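Data from upload.json: JSON, C-alpha atoms
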```json
[["chain", "number", "residue", "atom", "x", "y", "z"],
["A", 191, "MET", "CA", 17.55, -9.40, -16.26],
["A", 192, "ASP", "CA", 13.92, -9.87, -15.17],
["A", 193, "GLY", "CA", 14.28, -7.52, -12.19],
["A", 194, "ILE", "CA", 15.65, -4.59, -14.13],
["A", 195, "MET", "CA", 13.06, -5.09, -16.88],
["A", 196, "GLU", "CA", 10.27, -4.75, -14.33],
["A", 197, "ASP", "CA", 12.01, -1.61, -13.10],
["A", 198, "TYR", "CA", 12.22, -0.44, -16.73],
["A", 199, "LEU", "CA", 8.45, -0.76, -17.15],
["A", 200, "ARG", "CA", 7.93, 1.22, -13.96],
["A", 201, "ARG", "CA", 10.51, 3.80, -15.09],
["A", 202, "ILE", "CA", 8.48, 4.59, -18.21],
["A", 203, "GLY", "CA", 5.08, 4.11, -16.59],
["A", 204, "ALA", "CA", 4.18, 1.25, -18.93],
["A", 205, "THR", "CA", 1.95, -1.78, -18.52],
["A", 206, "ARG", "CA", 3.43, -5.15, -19.47],
["A", 207, "PRO", "CA", 1.72, -6.20, -22.73],
["A", 208, "GLU", "CA", -0.17, -9.48, -22.62],
["A", 209, "ARG", "CA", 1.18, -10.29, -26.08],
["A", 210, "ALA", "CA", 4.05, -9.07, -28.25],
["A", 211, "ASP", "CA", 1.66, -7.30, -30.61],
["A", 212, "LEU", "CA", 1.39, -3.90, -32.27],
["A", 213, "GLU", "CA", -0.90, -2.49, -29.60],
["A", 214, "GLY", "CA", 1.67, -3.28, -26.93],
["A", 215, "LEU", "CA", 4.50, -1.92, -29.08],
["A", 216, "ARG", "CA", 2.67, 1.38, -29.60],
["A", 217, "HIS", "CA", 2.07, 1.67, -25.86],
["A", 218, "LEU", "CA", 5.71, 0.96, -24.97],
["A", 219, "MET", "CA", 7.13, 3.34, -27.56],
["A", 220, "GLU", "CA", 4.82, 6.17, -26.53],
["A", 221, "ARG", "CA", 5.61, 5.73, -22.85],
["A", 222, "HIS", "CA", 9.35, 5.72, -23.66],
["A", 223, "ILE", "CA", 9.11, 8.89, -25.74],
["A", 224, "LEU", "CA", 7.24, 10.71, -22.96],
["A", 225, "THR", "CA", 9.53, 9.69, -20.10],
["A", 226, "VAL", "CA", 13.10, 9.16, -21.37],
["A", 227, "PRO", "CA", 14.83, 12.30, -22.66],
["A", 228, "PHE", "CA", 16.96, 12.67, -25.76],
["A", 229, "GLU", "CA", 20.13, 14.13, -24.26],
["A", 230, "ASN", "CA", 23.90, 14.35, -24.56],
["A", 231, "LEU", "CA", 24.75, 15.33, -20.98],
["A", 232, "GLY", "CA", 26.96, 12.27, -20.55],
["A", 233, "TYR", "CA", 29.21, 13.44, -23.38],
["A", 234, "HIS", "CA", 29.94, 16.57, -21.33],
["A", 235, "LEU", "CA", 30.14, 14.92, -17.93],
["A", 236, "GLY", "CA", 32.96, 12.58, -18.92],
["A", 237, "GLU", "CA", 30.71, 9.52, -18.61],
["A", 238, "GLU", "CA", 31.23, 6.21, -20.37],
["A", 239, "ILE", "CA", 28.72, 5.63, -23.17],
["A", 240, "PHE", "CA", 27.51, 2.03, -23.26],
["A", 241, "MET", "CA", 25.55, 0.28, -26.00],
["A", 242, "ASP", "CA", 25.33, -3.13, -24.32],
["A", 243, "GLU", "CA", 23.24, -4.17, -21.29],
["A", 244, "ARG", "CA", 25.20, -1.77, -19.08],
["A", 245, "VAL", "CA", 23.18, 1.08, -20.59],
["A", 246, "LEU", "CA", 20.16, -0.16, -18.63],
["A", 247, "GLU", "CA", 21.71, 1.05, -15.40],
["A", 248, "LYS", "CA", 21.83, 4.60, -16.76],
["A", 249, "ILE", "CA", 18.36, 4.65, -18.31],
["A", 250, "VAL", "CA", 16.51, 2.73, -15.62],
["A", 251, "ARG", "CA", 18.32, 3.16, -12.32],
["A", 252, "ASP", "CA", 19.86, 6.61, -12.88],
["A", 253, "HIS", "CA", 16.68, 7.97, -14.51],
["A", 254, "ARG", "CA", 18.62, 9.35, -17.47],
["A", 255, "GLY", "CA", 18.26, 9.42, -21.23],
["A", 256, "GLY", "CA", 20.76, 9.49, -24.07],
["A", 257, "GLY", "CA", 21.27, 9.51, -27.81],
["A", 258, "CYS", "CA", 20.35, 6.86, -30.34],
["A", 259, "PHE", "CA", 23.34, 4.67, -29.41],
["A", 260, "GLU", "CA", 21.96, 4.38, -25.87],
["A", 261, "VAL", "CA", 18.18, 4.66, -25.73],
["A", 262, "ASN", "CA", 17.44, 2.52, -28.79],
["A", 263, "PRO", "CA", 19.61, -0.42, -27.62],
["A", 264, "ALA", "CA", 18.07, -0.07, -24.15],
["A", 265, "LEU", "CA", 14.57, -0.27, -25.61],
["A", 266, "SER", "CA", 15.62, -3.24, -27.74],
["A", 267, "PHE", "CA", 16.56, -5.17, -24.59],
["A", 268, "LEU", "CA", 13.17, -4.40, -23.05],
["A", 269, "LEU", "CA", 11.25, -5.39, -26.17],
["A", 270, "ALA", "CA", 13.19, -8.63, -26.59],
["A", 271, "SER", "CA", 12.50, -9.53, -22.96],
["A", 272, "LEU", "CA", 8.78, -9.13, -23.69],
["A", 273, "GLY", "CA", 8.88, -11.49, -26.66],
["A", 274, "TYR", "CA", 9.30, -9.08, -29.57],
["A", 275, "GLU", "CA", 11.57, -9.91, -32.49],
["A", 276, "VAL", "CA", 13.97, -6.95, -32.65],
["A", 277, "ASP", "CA", 16.80, -6.09, -35.04],
["A", 278, "ILE", "CA", 19.29, -3.22, -35.04],
["A", 279, "LEU", "CA", 19.29, -1.15, -38.23],
["A", 280, "PRO", "CA", 22.13, 1.14, -39.40],
["A", 281, "GLY", "CA", 21.45, 4.62, -40.66],
["A", 282, "TRP", "CA", 22.73, 7.96, -41.90],
["A", 283, "VAL", "CA", 21.63, 11.38, -40.64],
["A", 284, "HIS", "CA", 20.59, 14.13, -43.06],
["A", 285, "ARG", "CA", 22.52, 17.14, -41.85],
["A", 286, "PRO", "CA", 21.77, 20.84, -42.43],
["A", 287, "GLY", "CA", 22.48, 22.00, -45.95],
["A", 288, "GLY", "CA", 21.47, 18.71, -47.53],
["A", 289, "VAL", "CA", 24.62, 16.87, -46.44],
["A", 290, "LEU", "CA", 24.24, 13.17, -45.70],
["A", 291, "GLY", "CA", 26.24, 12.04, -42.69],
["A", 292, "PRO", "CA", 28.33, 8.86, -42.54],
["A", 293, "PHE", "CA", 26.98, 5.32, -42.59],
["A", 294, "LEU", "CA", 26.35, 3.99, -39.06],
["A", 295, "GLY", "CA", 25.81, 7.54, -37.86],
["A", 296, "HIS", "CA", 22.37, 6.57, -36.58],
["A", 297, "LEU", "CA", 20.96, 3.47, -34.89],
["A", 298, "ALA", "CA", 17.29, 2.51, -35.16],
["A", 299, "LEU", "CA", 15.20, -0.59, -34.49],
["A", 300, "ARG", "CA", 13.14, -2.92, -36.66],
["A", 301, "VAL", "CA", 10.45, -4.68, -34.64],
["A", 302, "ARG", "CA", 8.15, -7.45, -35.85],
["A", 303, "ALA", "CA", 4.56, -7.16, -34.67],
["A", 304, "ASP", "CA", 1.23, -8.37, -36.07],
["A", 305, "GLY", "CA", 3.00, -9.93, -39.06],
["A", 306, "GLU", "CA", 4.67, -6.70, -40.20],
["A", 307, "ASP", "CA", 7.97, -4.88, -39.68],
["A", 308, "TRP", "CA", 7.93, -1.55, -37.86],
["A", 309, "LEU", "CA", 10.52, 1.20, -37.52],
["A", 310, "VAL", "CA", 10.93, 2.07, -33.85],
["A", 311, "ASP", "CA", 13.17, 5.00, -32.96],
["A", 312, "VAL", "CA", 13.20, 6.79, -29.60],
["A", 313, "GLY", "CA", 16.62, 8.39, -30.04],
["A", 314, "PHE", "CA", 16.52, 11.04, -32.73],
["A", 315, "GLY", "CA", 14.81, 14.07, -31.25],
["A", 316, "ARG", "CA", 12.27, 14.49, -34.04],
["A", 317, "ASN", "CA", 11.23, 10.87, -34.30],
["A", 318, "SER", "CA", 7.62, 9.70, -34.37],
["A", 319, "ARG", "CA", 5.70, 8.88, -31.21],
["A", 320, "PHE", "CA", 4.43, 5.59, -32.64],
["A", 321, "PRO", "CA", 6.04, 2.88, -34.82],
["A", 322, "LEU", "CA", 6.24, 3.52, -38.56],
["A", 323, "ASN", "CA", 5.27, 0.76, -40.99],
["A", 324, "LEU", "CA", 8.43, -0.11, -42.92],
["A", 325, "ALA", "CA", 6.42, -1.50, -45.86],
["A", 326, "SER", "CA", 4.23, 1.57, -46.37],
["A", 327, "ARG", "CA", 5.13, 4.46, -48.66],
["A", 328, "GLU", "CA", 2.00, 6.39, -47.77],
["A", 329, "VAL", "CA", 2.02, 9.34, -45.38],
["A", 330, "GLN", "CA", 1.86, 8.04, -41.81],
["A", 331, "HIS", "CA", 0.11, 10.49, -39.50],
["A", 332, "ASP", "CA", 1.55, 10.82, -36.01],
["A", 333, "PRO", "CA", 1.13, 13.27, -33.10],
["A", 334, "HIS", "CA", 4.62, 14.59, -33.96],
["A", 335, "GLY", "CA", 3.81, 15.22, -37.62],
["A", 336, "ASP", "CA", 3.37, 13.48, -40.96],
["A", 337, "TYR", "CA", 6.06, 10.91, -41.71],
["A", 338, "GLN", "CA", 6.72, 9.17, -45.00],
["A", 339, "LEU", "CA", 9.27, 6.59, -46.14],
["A", 340, "HIS", "CA", 10.89, 7.02, -49.55],
["A", 341, "ASP", "CA", 12.87, 4.32, -51.34],
["A", 342, "VAL", "CA", 16.49, 5.23, -52.06],
["A", 343, "SER", "CA", 17.72, 1.84, -53.25],
["A", 344, "ASP", "CA", 16.99, -1.79, -52.50],
["A", 345, "GLY", "CA", 16.39, -2.04, -48.76],
["A", 346, "VAL", "CA", 17.37, 1.58, -48.09],
["A", 347, "VAL", "CA", 14.78, 4.23, -47.23],
["A", 348, "ASP", "CA", 14.72, 7.90, -46.28],
["A", 349, "ILE", "CA", 12.44, 8.92, -43.42],
["A", 350, "HIS", "CA", 10.79, 12.27, -44.10],
["A", 351, "LEU", "CA", 8.93, 14.54, -41.69],
["A", 352, "GLY", "CA", 6.70, 17.16, -43.25],
["A", 353, "GLY", "CA", 8.28, 16.49, -46.63],
["A", 354, "LYS", "CA", 11.86, 16.98, -45.44],
["A", 355, "PRO", "CA", 14.39, 14.16, -44.94],
["A", 356, "LEU", "CA", 15.42, 13.34, -41.37],
["A", 357, "TYR", "CA", 17.57, 10.27, -41.74],
["A", 358, "ARG", "CA", 18.13, 7.17, -43.85],
["A", 359, "VAL", "CA", 18.07, 3.54, -42.74],
["A", 360, "ALA", "CA", 19.18, 0.30, -44.35],
["A", 361, "ASP", "CA", 16.85, -2.62, -43.72],
["A", 362, "ARG", "CA", 19.88, -4.85, -43.16],
["A", 363, "PRO", "CA", 20.39, -5.81, -39.51],
["A", 364, "VAL", "CA", 23.73, -5.26, -37.80],
["A", 365, "THR", "CA", 24.94, -5.52, -34.20],
["A", 366, "VAL", "CA", 25.62, -2.74, -31.71],
["A", 367, "ALA", "CA", 29.32, -3.61, -31.92],
["A", 368, "ASP", "CA", 29.30, -2.36, -35.52],
["A", 369, "PHE", "CA", 28.64, 1.15, -34.19],
["A", 370, "ALA", "CA", 31.77, 1.31, -32.02],
["A", 371, "PRO", "CA", 33.80, 3.41, -34.53],
["A", 372, "ALA", "CA", 30.87, 5.80, -35.00],
["A", 373, "LEU", "CA", 30.47, 6.20, -31.24],
["A", 374, "TRP", "CA", 34.19, 6.95, -30.93],
["A", 375, "TRP", "CA", 33.80, 9.64, -33.62],
["A", 376, "TYR", "CA", 30.79, 11.22, -31.88],
["A", 377, "ARG", "CA", 32.74, 11.30, -28.62],
["A", 378, "THR", "CA", 36.02, 12.70, -29.98],
["A", 379, "SER", "CA", 35.57, 14.63, -33.24],
["A", 380, "PRO", "CA", 35.34, 18.45, -33.17],
["A", 381, "ASP", "CA", 32.76, 18.03, -35.94],
["A", 382, "SER", "CA", 30.50, 15.90, -33.73],
["A", 383, "SER", "CA", 27.14, 17.57, -33.18],
["A", 384, "PHE", "CA", 27.03, 15.89, -29.76],
["A", 385, "LEU", "CA", 30.16, 17.82, -28.73],
["A", 386, "GLN", "CA", 29.28, 21.15, -30.32],
["A", 387, "GLY", "CA", 26.34, 21.79, -28.01],
["A", 388, "LEU", "CA", 24.57, 20.68, -24.87],
["A", 389, "PHE", "CA", 20.93, 19.62, -24.91],
["A", 390, "CYS", "CA", 18.30, 17.67, -23.01],
["A", 391, "SER", "CA", 14.88, 17.36, -24.60],
["A", 392, "MET", "CA", 11.73, 15.35, -23.98],
["A", 393, "ARG", "CA", 8.31, 15.14, -25.55],
["A", 394, "THR", "CA", 5.21, 15.92, -23.52],
["A", 395, "PRO", "CA", 1.67, 14.79, -24.40],
["A", 396, "ASP", "CA", 1.06, 18.04, -26.28],
["A", 397, "GLY", "CA", 4.53, 19.45, -26.89],
["A", 398, "LEU", "CA", 8.20, 19.47, -26.00],
["A", 399, "VAL", "CA", 10.52, 20.77, -23.30],
["A", 400, "THR", "CA", 14.23, 21.41, -23.95],
["A", 401, "VAL", "CA", 17.13, 22.70, -21.88],
["A", 402, "LYS", "CA", 19.99, 24.03, -24.02],
["A", 403, "GLY", "CA", 23.48, 24.82, -22.85],
["A", 404, "ASN", "CA", 22.61, 25.00, -19.13],
["A", 405, "LYS", "CA", 21.23, 28.44, -19.98],
["A", 406, "GLN", "CA", 17.84, 28.30, -21.66],
["A", 407, "VAL", "CA", 14.56, 26.40, -21.34],
["A", 408, "SER", "CA", 12.24, 26.28, -24.33],
["A", 409, "MET", "CA", 8.74, 24.85, -24.11],
["A", 410, "VAL", "CA", 6.09, 23.96, -26.66],
["A", 411, "ALA", "CA", 2.53, 23.22, -25.55],
["A", 412, "GLY", "CA", 0.14, 22.91, -28.46],
["A", 413, "GLU", "CA", 0.46, 26.16, -30.41],
["A", 414, "GLU", "CA", 2.05, 27.99, -27.49],
["A", 415, "ARG", "CA", 5.83, 28.50, -27.43],
["A", 416, "SER", "CA", 7.88, 30.05, -24.65],
["A", 417, "LYS", "CA", 11.51, 30.49, -23.62],
["A", 418, "PHE", "CA", 13.19, 31.64, -20.47],
["A", 419, "THR", "CA", 16.76, 32.01, -19.27],
["A", 420, "LEU", "CA", 18.46, 30.08, -16.49],
["A", 421, "ASP", "CA", 20.47, 32.65, -14.55],
["A", 422, "SER", "CA", 22.63, 30.35, -12.44],
["A", 423, "GLY", "CA", 24.06, 26.87, -12.17],
["A", 424, "ALA", "CA", 21.61, 26.12, -9.37],
["A", 425, "GLU", "CA", 18.69, 27.03, -11.63],
["A", 426, "ALA", "CA", 20.07, 24.79, -14.38],
["A", 427, "LEU", "CA", 20.41, 21.82, -12.03],
["A", 428, "GLU", "CA", 16.86, 22.43, -10.80],
["A", 429, "ALA", "CA", 15.59, 22.55, -14.40],
["A", 430, "TYR", "CA", 17.11, 19.14, -15.19],
["A", 431, "LYS", "CA", 15.41, 17.76, -12.07],
["A", 432, "LYS", "CA", 12.06, 19.48, -12.62],
["A", 433, "TYR", "CA", 11.54, 18.72, -16.29],
["A", 434, "PHE", "CA", 13.36, 15.41, -16.74],
["A", 435, "GLY", "CA", 13.75, 13.90, -13.27],
["A", 436, "ILE", "CA", 17.54, 14.02, -13.71],
["A", 437, "SER", "CA", 19.59, 14.61, -10.55],
["A", 438, "LEU", "CA", 23.15, 15.77, -11.27],
["A", 439, "ASP", "CA", 25.98, 16.39, -8.82],
["A", 440, "ARG", "CA", 27.42, 19.05, -11.11],
["A", 441, "LEU", "CA", 26.64, 20.82, -14.34],
["A", 442, "PRO", "CA", 27.87, 19.32, -17.62],
["A", 443, "ASP", "CA", 30.75, 21.26, -19.14],
["A", 444, "GLU", "CA", 29.56, 23.74, -21.73],
["A", 445, "PRO", "CA", 31.16, 23.32, -25.17],
["A", 446, "ALA", "CA", 33.31, 26.19, -26.38],
["A", 447, "GLY", "CA", 31.27, 26.29, -29.57],
["A", 448, "GLY", "CA", 28.00, 27.06, -27.79],
["A", 449, "VAL", "CA", 24.63, 25.52, -28.53],
["A", 450, "THR", "CA", 24.70, 23.14, -31.45],
["A", 451, "ALA", "CA", 22.95, 23.79, -34.72],
["A", 452, "GLY", "CA", 23.58, 20.21, -35.81],
["A", 453, "VAL", "CA", 21.08, 18.49, -33.52],
["A", 454, "ARG", "CA", 17.48, 19.64, -33.72],
["A", 455, "THR", "CA", 14.77, 18.54, -31.32],
["A", 456, "ASP", "CA", 11.90, 20.81, -32.40]]
```

Mind turning this structure into structure tokens?
Amino acid sequence: MDGIMEDYLRRIGATRPERADLEGLRHLMERHILTVPFENLGYHLGEEIFMDERVLEKIVRDHRGGGCFEVNPALSFLLASLGYEVDILPGWVHRPGGVLGPFLGHLALRVRADGEDWLVDVGFGRNSRFPLNLASREVQHDPHGDYQLHDVSDGVVDIHLGGKPLYRVADRPVTVADFAPALWWYRTSPDSSFLQGLFCSMRTPDGLVTVKGNKQVSMVAGEERSKFTLDSGAEALEAYKKYFGISLDRLPDEPAGGVTAGVRTD
């Protein structure tokens, strides 16, 4: 897979690290966050969702993004090819109203660097820009906010942003195959947040850009926030191309339920 990994580095505008260390990991994660969108377009285009090496074709060659079941495995393949020790961690998502979602509802990475374990997650929407130290219970400052890990039970932690829980992970490695039932649920259940709304979102150096429901673009740049409406399908297709580099032959189907409240990116 050497060829596609070189293409991957070019795709995210990253420099190959000289060593599999924390400095290199921070660089790779930041470049990924700023170039690969968190999106569910494939769920509404009738596309196959792959968690194995086939996902690389979508992320690298098709210049797309995806949810946690796609972009985190893709990054794990890149990191492993560069000499990092990477494990897949299972998680739960904290839903609105204080409801904890099902086990295996989220997929994150544990990466070993500089003698410590780091939480790497590029597929949540409100994840950190840089790795979080899995051993620390102090506030970890990040360009995206203040994160803190809280112990729930032995080997299980909640990840908080600004004092509010985002998701929970178990520090007990699994394989991507273990997520197959959860992926089926996300793709088929009326309760799936990935089916209730349409979104494509990506961090910028000082903010965030999001297209929701083929109809609205919202942008954050520092303290400035703006929104504008997309008045036609042609404008929506142009927005995907302009802001994310995504070229689509047709618009994703819009869910009957409208824009989701279950997936937040801001």

Can you pull out the residues contacting A:Glu444? Cut-off 8 Å, using only C-alpha atoms, and skip same-chain residues under 5 positions away; I want them as a compact mmCIF listing (two decimals) with C-alpha atoms, in the coordinates of the input.
```txt
# COMPACT_ATOMS: atom_id res chain seq x y z
CA HIS A 234 29.94 16.57 -21.33
CA GLY A 387 26.34 21.79 -28.01
CA LEU A 388 24.57 20.68 -24.87
CA GLY A 403 23.48 24.82 -22.85
CA ASN A 404 22.61 25.00 -19.13
```

Mind working out the centre and edge lengths of an axis-aligned box for stretch 356-361 of chain A, all listed atoms inside, 6 Å added to each side, rounded to one decimal in Å and written as lines of an AutoDock Vina configuration file?
```
center_x = 17.3
center_y = 5.4
center_z = -42.9
size_x = 15.8
size_y = 28.0
size_z = 15.0
```

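Compared by their closest atoms to A:Gly256, and using only C-alpha atoms, the residues A:Gly193, A:Gly315, A:Gly291, A:Gly214 rank with A:Gly315 nearest.
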
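Across A:Arg201, A:Arg319, A:Arg221, A:Arg209, the tightest approach to A:Tyr274 is made by A:Arg209 when counting all atoms listed in the file.
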
Requested in this report: For atom CA of A:Ile239 and atom CA of A:Glu260, determine how far apart the two atoms are, in Å to one decimal place.
Outcome: 7.4 Å

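Picture a line from atom CA of A:Gln330 to atom CA of A:Asp348; it runs 13.6 Å.
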
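Using only C-alpha atoms, the nearest neighbour of A:Val283 within the list A:Leu215, A:Tyr357, A:Leu385, A:Val310 is A:Tyr357.
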
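Put simply, atom CA of A:Ser383 is 27.9 Å away from atom CA of A:Val301.
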
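Considering the residues A:His284, A:His350, A:Arg254, A:Arg300 and counting only C-alpha atoms, A:Arg362 has its shortest atom-to-atom contact with A:Arg300.
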
Query raised in the report: Neighbours of A:Glu425 within 9 Å (all atoms listed in the file; same-chain residues fewer than 4 positions away dropped), as a ChimeraX atom specification?
Result: /A:404-405,420-421,429-430

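Distance check against A:Asn317 using all atoms listed in the file: of A:Leu294, A:Leu356, A:Val342, A:Val226, the minimum falls on A:Leu356.
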
Excluding A:Val312 and residues on its chain fewer than 4 positions from it, collect all residues at most 10 Å away from it, counting all atoms listed in the file, and give them as a tab-separated table (two decimals) with C-alpha atoms, in the frame of the given file.
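File selection-v9.tsv, as written:
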```tsv
chain	number	residue	atom	x	y	z
A	219	MET	CA	7.13	3.34	-27.56
A	220	GLU	CA	4.82	6.17	-26.53
A	222	HIS	CA	9.35	5.72	-23.66
A	223	ILE	CA	9.11	8.89	-25.74
A	224	LEU	CA	7.24	10.71	-22.96
A	226	VAL	CA	13.10	9.16	-21.37
A	227	PRO	CA	14.83	12.30	-22.66
A	228	PHE	CA	16.96	12.67	-25.76
A	256	GLY	CA	20.76	9.49	-24.07
A	257	GLY	CA	21.27	9.51	-27.81
A	258	CYS	CA	20.35	6.86	-30.34
A	260	GLU	CA	21.96	4.38	-25.87
A	261	VAL	CA	18.18	4.66	-25.73
A	262	ASN	CA	17.44	2.52	-28.79
A	263	PRO	CA	19.61	-0.42	-27.62
A	265	LEU	CA	14.57	-0.27	-25.61
A	297	LEU	CA	20.96	3.47	-34.89
A	298	ALA	CA	17.29	2.51	-35.16
A	299	LEU	CA	15.20	-0.59	-34.49
A	316	ARG	CA	12.27	14.49	-34.04
A	317	ASN	CA	11.23	10.87	-34.30
A	318	SER	CA	7.62	9.70	-34.37
A	319	ARG	CA	5.70	8.88	-31.21
A	320	PHE	CA	4.43	5.59	-32.64
A	321	PRO	CA	6.04	2.88	-34.82
```

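Among A:Ala264, A:Ser382, A:Ala360, A:Asp192, the residue with the shortest atom-to-atom distance to A:Arg285, counting all atoms listed in the file, is A:Ser382.
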
Requested in this report: Compile the contact shell of A:Gly273 as a ChimeraX atom specification: residues with an atom at most 10 Å away, counting all atoms listed in the file, same-chain residues fewer than 6 positions apart removed.
Outcome: /A:207,209-211

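Within the 8 Å cut-off around stretch 394-399 of chain A, using all atoms listed in the file and omitting residues fewer than 2 positions from it on the same chain, the listed residues are Leu224, Ser391, Met392, Val401, Val407, Ser408, Met409, Val410, Ala411, Gly412, Tyr433 and Asp456 of chain A.
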